[in-house]
Amino acid sequence: MTDTKTDSQGLTLYSRIVLFGIVLPLLFIAGLQLFILSEQTETYFAWTFASPLSAAFMGAGYWSAMFHAYSGARAKAWANVRTSMPAALTATTLLSVTTFFHLDKFHFDNPFFITRFVTWVWIIVYVTVPFILFAAWIIQARLPGANIKGRHPLRAWMRGGFAILAVFALLCGLGLFIAPTAISAIWPWDVTPLAARAISSWLSAFGMACAALTFENDIKNGAGTASSLFAFCILELIVLARYSSAIDWGKPLSIAFTLFLVLGMLISGANLLANRILSK
């Protein structure tokens, strides 16, 4: 496979094709299936969600990821994109593993062609995309100047906030993935093991994105990732409001998860505001 350089720190042609030609269309379609058609997953998705809230949660994750995928595809520097790669690989890898853990739940034998079609598209995507993303990361990381650090460090409270968000998201995400039945007992709404592991992919990705921003420690370089985190928190709060009747506010993580989203919105929003001020 050949690859074309743009500049010493820029995105390669391969990376831009991956973002524009594969990642953005898939994120948009998956978000449409799950955020908009969250109550019709028995027909328009690869498996049926027992709770529309879980489907909408996933859809919000896909649509929020579009913000950085789009800004990344247009970015002039790899530094503006690299903080998103740990999150992207985390989400796609965990969803791949989840798929093969729960193949018996997928719509391979559904009588509707559209349902079988989206099921096989899902399988193909999550067999191939993690490797495609990993290849893009390796190619970019080996270019001259790929690891040059930025010159606009985060304020201490902002960096600490991203670290706190990373810990909470990774603990919840890994818990839902490793012990879905046990964690579902304290999760804000009822989730099946398949839904729990699917949700864990986005929570873990959120945590990895926050960890990447903490280590990158640069307002401008992390702006694209912060935009996705901000969108994620806003969309997930909309999901909670939309399906508030499905939430058990007596469960230990209900209030904590809501506060997590509010804190994530404030910290990522502050990062975006600081970047805007720097850009003037």
# chains A, B, ... in the order shown; residues from 1 in each chain; ligands from 1
$ residues_around --residues "region 61-77 of chain A" --least-positions-apart "5" --cutoff "6 Å" --atoms "only C-alpha atoms" --output "VMD selection string"
chain A and resid 9 to 10 16 19 27 31 224 to 225 228 231 to 232
$ write_last_selection --atoms "all heavy atoms" --output "short mmCIF file (atom, residue, chain, number, x, y, z; two decimals), in the first residue's frame"
data_model
loop_
_atom_site.label_atom_id
_atom_site.label_comp_id
_atom_site.auth_asym_id
_atom_site.auth_seq_id
_atom_site.Cartn_x
_atom_site.Cartn_y
_atom_site.Cartn_z
N GLN A 9 4.25 17.13 9.37
CA GLN A 9 3.37 16.81 10.47
C GLN A 9 1.93 16.60 10.02
O GLN A 9 1.04 16.45 10.83
CB GLN A 9 3.40 17.95 11.50
CG GLN A 9 4.77 18.22 12.10
CD GLN A 9 4.72 19.40 13.04
OE1 GLN A 9 3.88 19.48 13.92
NE2 GLN A 9 5.62 20.33 12.86
N GLY A 10 1.68 16.63 8.72
CA GLY A 10 0.32 16.59 8.22
C GLY A 10 -0.26 15.20 8.10
O GLY A 10 0.40 14.19 8.32
N ARG A 16 -6.65 10.63 5.24
CA ARG A 16 -7.81 11.44 4.82
C ARG A 16 -8.86 10.59 4.13
O ARG A 16 -10.06 10.80 4.31
CB ARG A 16 -7.34 12.59 3.91
CG ARG A 16 -6.46 13.61 4.61
CD ARG A 16 -6.17 14.81 3.73
NE ARG A 16 -5.14 15.65 4.32
CZ ARG A 16 -5.35 16.55 5.27
NH1 ARG A 16 -6.56 16.74 5.74
NH2 ARG A 16 -4.34 17.27 5.74
N LEU A 19 -10.77 8.74 6.82
CA LEU A 19 -11.70 9.60 7.56
C LEU A 19 -12.90 10.00 6.71
O LEU A 19 -14.05 9.87 7.14
CB LEU A 19 -10.97 10.84 8.07
CG LEU A 19 -10.01 10.60 9.25
CD1 LEU A 19 -9.15 11.84 9.50
CD2 LEU A 19 -10.78 10.24 10.50
N LEU A 27 -20.12 6.54 10.76
CA LEU A 27 -20.59 7.19 12.00
C LEU A 27 -21.96 7.81 11.80
O LEU A 27 -22.84 7.71 12.68
CB LEU A 27 -19.59 8.27 12.43
CG LEU A 27 -18.23 7.79 12.95
CD1 LEU A 27 -17.31 8.97 13.19
CD2 LEU A 27 -18.39 6.97 14.21
N GLY A 31 -25.33 6.45 13.71
CA GLY A 31 -26.06 7.40 14.55
C GLY A 31 -27.51 7.52 14.15
O GLY A 31 -28.40 7.59 15.01
N GLY A 224 -10.11 19.25 18.70
CA GLY A 224 -10.99 18.36 17.96
C GLY A 224 -11.58 17.28 18.83
O GLY A 224 -12.79 16.99 18.79
N THR A 225 -10.73 16.67 19.67
CA THR A 225 -11.22 15.65 20.60
C THR A 225 -12.18 16.26 21.61
O THR A 225 -13.21 15.66 21.94
CB THR A 225 -10.04 14.98 21.32
OG1 THR A 225 -9.21 14.35 20.34
CG2 THR A 225 -10.51 13.95 22.32
N SER A 228 -15.69 16.56 20.29
CA SER A 228 -16.45 15.31 20.34
C SER A 228 -16.92 15.00 21.76
O SER A 228 -18.05 14.54 21.95
CB SER A 228 -15.59 14.15 19.82
OG SER A 228 -15.55 14.16 18.41
N ALA A 231 -19.86 17.26 22.51
CA ALA A 231 -21.05 16.79 21.81
C ALA A 231 -21.59 15.52 22.47
O ALA A 231 -22.82 15.35 22.61
CB ALA A 231 -20.74 16.52 20.34
N PHE A 232 -20.70 14.63 22.89
CA PHE A 232 -21.10 13.40 23.56
C PHE A 232 -21.92 13.71 24.81
O PHE A 232 -23.00 13.13 25.03
CB PHE A 232 -19.86 12.57 23.92
CG PHE A 232 -20.16 11.27 24.62
CD1 PHE A 232 -20.35 10.11 23.89
CD2 PHE A 232 -20.23 11.20 26.00
CE1 PHE A 232 -20.61 8.90 24.52
CE2 PHE A 232 -20.49 10.00 26.65
CZ PHE A 232 -20.69 8.85 25.91
#
$ residues_around --residues "Asn271 (chain A)" --least-positions-apart "5" --cutoff "9 Å" --atoms "only C-alpha atoms" --output "JSON, numbers by chain"
{"A": [154, 158, 219, 220, 222, 223, 226, 227, 266, 276]}
$ write_last_selection --atoms "C-alpha atoms" --output "JSON list (two decimals), in the first residue's frame"
[["chain", "number", "residue", "atom", "x", "y", "z"],
["A", 154, "LEU", "CA", -4.01, 23.16, 29.67],
["A", 158, "MET", "CA", -8.77, 21.56, 33.26],
["A", 219, "ILE", "CA", -5.41, 23.36, 24.21],
["A", 220, "LYS", "CA", -5.11, 23.65, 20.44],
["A", 222, "GLY", "CA", -6.86, 18.66, 21.72],
["A", 223, "ALA", "CA", -9.63, 20.92, 20.43],
["A", 226, "ALA", "CA", -12.74, 18.13, 23.06],
["A", 227, "SER", "CA", -15.44, 18.98, 20.51],
["A", 266, "LEU", "CA", -18.17, 22.02, 31.31],
["A", 276, "ARG", "CA", -11.22, 29.94, 20.39]]
$ atom_distance --atom1 "CA of Lys280 (chain A)" --atom2 "CA of Asn80 (chain A)"
17.5 Å
$ closest_atom_pairs --of "region 149-212 of chain A" --to "region 52-55 of chain A" --cutoff "12 Å" --atoms "only C-alpha atoms" --output "JSON lines"
{"residue": "A:Trp187", "atom": "CA", "partner": "A:Ser54", "partner_atom": "CA", "distance": 11.5}
{"residue": "A:Pro188", "atom": "CA", "partner": "A:Leu53", "partner_atom": "CA", "distance": 10.6}
{"residue": "A:Trp189", "atom": "CA", "partner": "A:Leu53", "partner_atom": "CA", "distance": 8.2}
{"residue": "A:Asp190", "atom": "CA", "partner": "A:Ser54", "partner_atom": "CA", "distance": 8.7}
{"residue": "A:Val191", "atom": "CA", "partner": "A:Ser54", "partner_atom": "CA", "distance": 7.3}
{"residue": "A:Thr192", "atom": "CA", "partner": "A:Ser54", "partner_atom": "CA", "distance": 9.5}
{"residue": "A:Pro193", "atom": "CA", "partner": "A:Ser54", "partner_atom": "CA", "distance": 11.5}
{"residue": "A:Leu194", "atom": "CA", "partner": "A:Ser54", "partner_atom": "CA", "distance": 10.3}
{"residue": "A:Ala195", "atom": "CA", "partner": "A:Ser54", "partner_atom": "CA", "distance": 6.6}
{"residue": "A:Ala196", "atom": "CA", "partner": "A:Ser54", "partner_atom": "CA", "distance": 8.3}
{"residue": "A:Arg197", "atom": "CA", "partner": "A:Ser54", "partner_atom": "CA", "distance": 10.7}
{"residue": "A:Ala198", "atom": "CA", "partner": "A:Ser54", "partner_atom": "CA", "distance": 8.8}
{"residue": "A:Ile199", "atom": "CA", "partner": "A:Ser54", "partner_atom": "CA", "distance": 7.2}
{"residue": "A:Ser200", "atom": "CA", "partner": "A:Ser54", "partner_atom": "CA", "distance": 10.9}
{"residue": "A:Trp202", "atom": "CA", "partner": "A:Ser54", "partner_atom": "CA", "distance": 11.4}
$ closest_atom_pairs --of "region 185-273 of chain A" --to "region 162-175 of chain A" --cutoff "7 Å" --atoms "only C-alpha atoms" --output "Markdown table"
| residue | atom | partner | partner_atom | distance |
| --- | --- | --- | --- | --- |
| A:Ser200 | CA | A:Gly173 | CA | 4.1 |
| A:Ser201 | CA | A:Gly173 | CA | 6.7 |
| A:Leu203 | CA | A:Gly173 | CA | 5.0 |
| A:Ser204 | CA | A:Gly173 | CA | 4.8 |
| A:Phe206 | CA | A:Ala169 | CA | 6.5 |
| A:Gly207 | CA | A:Ala166 | CA | 4.0 |
| A:Met208 | CA | A:Ala166 | CA | 6.5 |
| A:Cys210 | CA | A:Ala166 | CA | 5.1 |
| A:Ala211 | CA | A:Ala166 | CA | 5.5 |
| A:Thr214 | CA | A:Phe162 | CA | 6.1 |
| A:Phe260 | CA | A:Leu165 | CA | 7.0 |
| A:Gly264 | CA | A:Leu165 | CA | 6.8 |
$ residues_around --residues "Ile123 (chain A)" --least-positions-apart "5" --cutoff "9 Å" --atoms "only C-alpha atoms" --output "VMD selection string"
chain A and resid 46 96 99 118 128
$ select_by_dssp --residues "region 105-219 of chain A" --states "alpha helix (DSSP H)" --output "PyMOL selection string"
chain A and resi 113-141+156-178+180-184+193-216
$ write_last_selection --atoms "C-alpha atoms" --output "short mmCIF file (atom, residue, chain, number, x, y, z; two decimals), in the first residue's frame"
data_model
loop_
_atom_site.label_atom_id
_atom_site.label_comp_id
_atom_site.auth_asym_id
_atom_site.auth_seq_id
_atom_site.Cartn_x
_atom_site.Cartn_y
_atom_site.Cartn_z
CA PHE A 113 -33.43 -8.13 3.67
CA ILE A 114 -32.62 -4.67 5.06
CA THR A 115 -32.11 -6.17 8.52
CA ARG A 116 -29.82 -8.95 7.28
CA PHE A 117 -27.95 -6.39 5.18
CA VAL A 118 -27.18 -4.03 8.08
CA THR A 119 -26.18 -7.02 10.19
CA TRP A 120 -23.56 -8.14 7.69
CA VAL A 121 -22.36 -4.57 7.19
CA TRP A 122 -21.80 -4.36 10.96
CA ILE A 123 -19.82 -7.62 10.94
CA ILE A 124 -17.64 -6.51 8.02
CA VAL A 125 -17.02 -3.08 9.57
CA TYR A 126 -15.93 -4.43 12.93
CA VAL A 127 -13.73 -7.10 11.42
CA THR A 128 -11.84 -4.59 9.25
CA VAL A 129 -12.02 -1.06 10.69
CA PRO A 130 -9.81 -1.59 13.78
CA PHE A 131 -6.98 -2.75 11.51
CA ILE A 132 -7.56 0.16 9.08
CA LEU A 133 -7.40 2.69 11.93
CA PHE A 134 -4.34 1.04 13.46
CA ALA A 135 -2.55 1.18 10.10
CA ALA A 136 -3.36 4.90 9.77
CA TRP A 137 -2.00 5.53 13.27
CA ILE A 138 1.25 3.65 12.60
CA ILE A 139 1.81 5.38 9.26
CA GLN A 140 1.23 8.83 10.78
CA ALA A 141 3.30 8.17 13.91
CA ALA A 156 -4.14 22.75 35.89
CA TRP A 157 -7.84 22.48 36.82
CA MET A 158 -8.77 21.56 33.26
CA ARG A 159 -6.10 18.88 33.03
CA GLY A 160 -7.13 17.52 36.42
CA GLY A 161 -10.75 17.48 35.31
CA PHE A 162 -9.94 15.42 32.22
CA ALA A 163 -8.02 12.98 34.44
CA ILE A 164 -11.03 12.58 36.77
CA LEU A 165 -13.35 12.04 33.80
CA ALA A 166 -10.94 9.45 32.38
CA VAL A 167 -10.89 7.45 35.62
CA PHE A 168 -14.68 7.44 36.01
CA ALA A 169 -15.37 6.53 32.37
CA LEU A 170 -12.74 3.78 32.25
CA LEU A 171 -13.85 2.21 35.53
CA CYS A 172 -17.49 2.16 34.41
CA GLY A 173 -16.60 1.06 30.89
CA LEU A 174 -14.33 -1.78 31.92
CA GLY A 175 -16.78 -2.84 34.61
CA LEU A 176 -19.64 -3.06 32.11
CA PHE A 177 -17.45 -5.02 29.71
CA ILE A 178 -15.88 -7.49 32.16
CA PRO A 180 -21.94 -6.74 32.74
CA THR A 181 -24.42 -8.58 34.96
CA ALA A 182 -22.89 -7.32 38.20
CA ILE A 183 -22.48 -3.71 37.07
CA SER A 184 -25.96 -3.59 35.54
CA PRO A 193 -24.95 -8.20 28.71
CA LEU A 194 -24.76 -7.33 25.00
CA ALA A 195 -26.01 -3.77 25.55
CA ALA A 196 -23.73 -3.35 28.58
CA ARG A 197 -20.65 -4.30 26.57
CA ALA A 198 -21.71 -2.09 23.66
CA ILE A 199 -22.20 0.86 26.03
CA SER A 200 -18.84 0.09 27.63
CA SER A 201 -17.13 0.61 24.27
CA TRP A 202 -18.20 4.27 24.16
CA LEU A 203 -17.56 4.92 27.85
CA SER A 204 -14.10 3.39 27.55
CA ALA A 205 -13.45 5.42 24.40
CA PHE A 206 -14.53 8.58 26.26
CA GLY A 207 -12.12 7.68 29.04
CA MET A 208 -9.26 7.08 26.61
CA ALA A 209 -9.96 10.41 24.90
CA CYS A 210 -9.81 12.22 28.26
CA ALA A 211 -6.58 10.39 29.13
CA ALA A 212 -5.11 11.36 25.75
CA LEU A 213 -5.99 15.02 26.35
CA THR A 214 -4.40 14.83 29.78
CA PHE A 215 -1.12 13.51 28.36
CA GLU A 216 -1.19 15.72 25.24
#
$ residues_around --residues "Thr258 (chain A)" --least-positions-apart "4" --cutoff "9 Å" --atoms "only C-alpha atoms" --output "count of residues only"
6
$ closest_residue --among "A:Ser15, A:Asn147, A:Thr41, A:Thr48" --to "Thr83 (chain A)" --atoms "only C-alpha atoms"
A:Asn147
$ atom_distance --atom1 "CA of Trp78 (chain A)" --atom2 "CA of His152 (chain A)"
16.1 Å
$ decode --residues "region 23-120 of chain A" --atoms "C-alpha atoms" --output "compact mmCIF listing (two decimals), in the first residue's frame"
# COMPACT_ATOMS: atom_id res chain seq x y z
CA VAL A 23 -15.24 6.75 9.17
CA LEU A 24 -17.57 9.72 8.59
CA PRO A 25 -20.20 7.84 6.52
CA LEU A 26 -20.26 4.92 8.97
CA LEU A 27 -20.59 7.19 12.00
CA PHE A 28 -23.46 9.09 10.41
CA ILE A 29 -25.37 5.95 9.40
CA ALA A 30 -24.91 4.24 12.77
CA GLY A 31 -26.06 7.40 14.55
CA LEU A 32 -29.14 7.56 12.35
CA GLN A 33 -29.96 3.91 13.07
CA LEU A 34 -29.56 4.24 16.82
CA PHE A 35 -30.17 7.84 17.88
CA ILE A 36 -33.15 8.48 15.58
CA LEU A 37 -34.50 4.93 15.08
CA SER A 38 -33.71 3.80 18.62
CA GLU A 39 -37.13 2.17 19.00
CA GLN A 40 -36.91 0.22 15.74
CA THR A 41 -33.65 -1.70 16.13
CA GLU A 42 -35.41 -5.01 15.49
CA THR A 43 -35.62 -3.91 11.84
CA TYR A 44 -32.92 -1.31 11.23
CA PHE A 45 -29.98 -2.55 13.26
CA ALA A 46 -27.73 -5.59 13.61
CA TRP A 47 -29.36 -6.70 16.86
CA THR A 48 -32.42 -5.72 18.89
CA PHE A 49 -31.93 -3.47 21.92
CA ALA A 50 -34.23 -4.38 24.81
CA SER A 51 -34.10 -0.73 25.88
CA PRO A 52 -34.36 2.15 23.38
CA LEU A 53 -32.33 4.18 25.89
CA SER A 54 -29.32 1.92 25.32
CA ALA A 55 -29.71 2.26 21.55
CA ALA A 56 -29.96 6.05 21.77
CA PHE A 57 -26.89 6.12 24.04
CA MET A 58 -24.92 4.29 21.36
CA GLY A 59 -26.25 6.55 18.62
CA ALA A 60 -25.15 9.63 20.54
CA GLY A 61 -21.67 8.14 20.72
CA TYR A 62 -21.49 7.68 16.96
CA TRP A 63 -22.74 11.16 16.16
CA SER A 64 -20.47 12.84 18.69
CA ALA A 65 -17.47 11.08 17.11
CA MET A 66 -18.34 12.75 13.80
CA PHE A 67 -17.18 16.12 15.12
CA HIS A 68 -13.57 15.10 15.45
CA ALA A 69 -13.63 12.84 12.40
CA TYR A 70 -14.71 15.83 10.30
CA SER A 71 -12.30 18.31 11.85
CA GLY A 72 -9.58 15.66 11.66
CA ALA A 73 -10.17 15.03 7.97
CA ARG A 74 -9.71 18.77 7.33
CA ALA A 75 -6.81 19.24 9.75
CA LYS A 76 -3.46 20.45 8.47
CA ALA A 77 -1.48 18.78 11.25
CA TRP A 78 -1.40 15.26 12.68
CA ALA A 79 -1.10 16.84 16.14
CA ASN A 80 -4.72 17.97 15.80
CA VAL A 81 -5.86 14.38 15.25
CA ARG A 82 -3.66 12.08 17.30
CA THR A 83 -5.57 12.51 20.59
CA SER A 84 -8.59 10.84 18.99
CA MET A 85 -6.80 7.66 17.93
CA PRO A 86 -6.72 5.87 21.32
CA ALA A 87 -10.47 6.46 21.67
CA ALA A 88 -11.24 5.31 18.12
CA LEU A 89 -9.24 2.11 18.51
CA THR A 90 -10.75 1.44 21.93
CA ALA A 91 -14.32 1.79 20.68
CA THR A 92 -13.85 -0.28 17.53
CA THR A 93 -11.82 -3.02 19.24
CA LEU A 94 -14.26 -3.45 22.14
CA LEU A 95 -17.20 -3.48 19.72
CA SER A 96 -15.42 -6.14 17.64
CA VAL A 97 -14.90 -8.33 20.70
CA THR A 98 -18.48 -7.70 21.83
CA THR A 99 -19.76 -8.77 18.43
CA PHE A 100 -18.04 -12.15 18.60
CA PHE A 101 -19.06 -12.67 22.22
CA HIS A 102 -22.73 -12.28 21.28
CA LEU A 103 -23.05 -13.50 17.68
CA ASP A 104 -26.14 -15.50 18.64
CA LYS A 105 -28.03 -12.22 19.22
CA PHE A 106 -27.44 -10.86 15.72
CA HIS A 107 -30.09 -10.72 12.98
CA PHE A 108 -28.56 -13.21 10.55
CA ASP A 109 -31.88 -15.04 10.04
CA ASN A 110 -34.21 -12.06 10.06
CA PRO A 111 -36.87 -12.31 7.30
CA PHE A 112 -36.25 -8.72 6.15
CA PHE A 113 -33.43 -8.13 3.67
CA ILE A 114 -32.62 -4.67 5.06
CA THR A 115 -32.11 -6.17 8.52
CA ARG A 116 -29.82 -8.95 7.28
CA PHE A 117 -27.95 -6.39 5.18
CA VAL A 118 -27.18 -4.03 8.08
CA THR A 119 -26.18 -7.02 10.19
CA TRP A 120 -23.56 -8.14 7.69
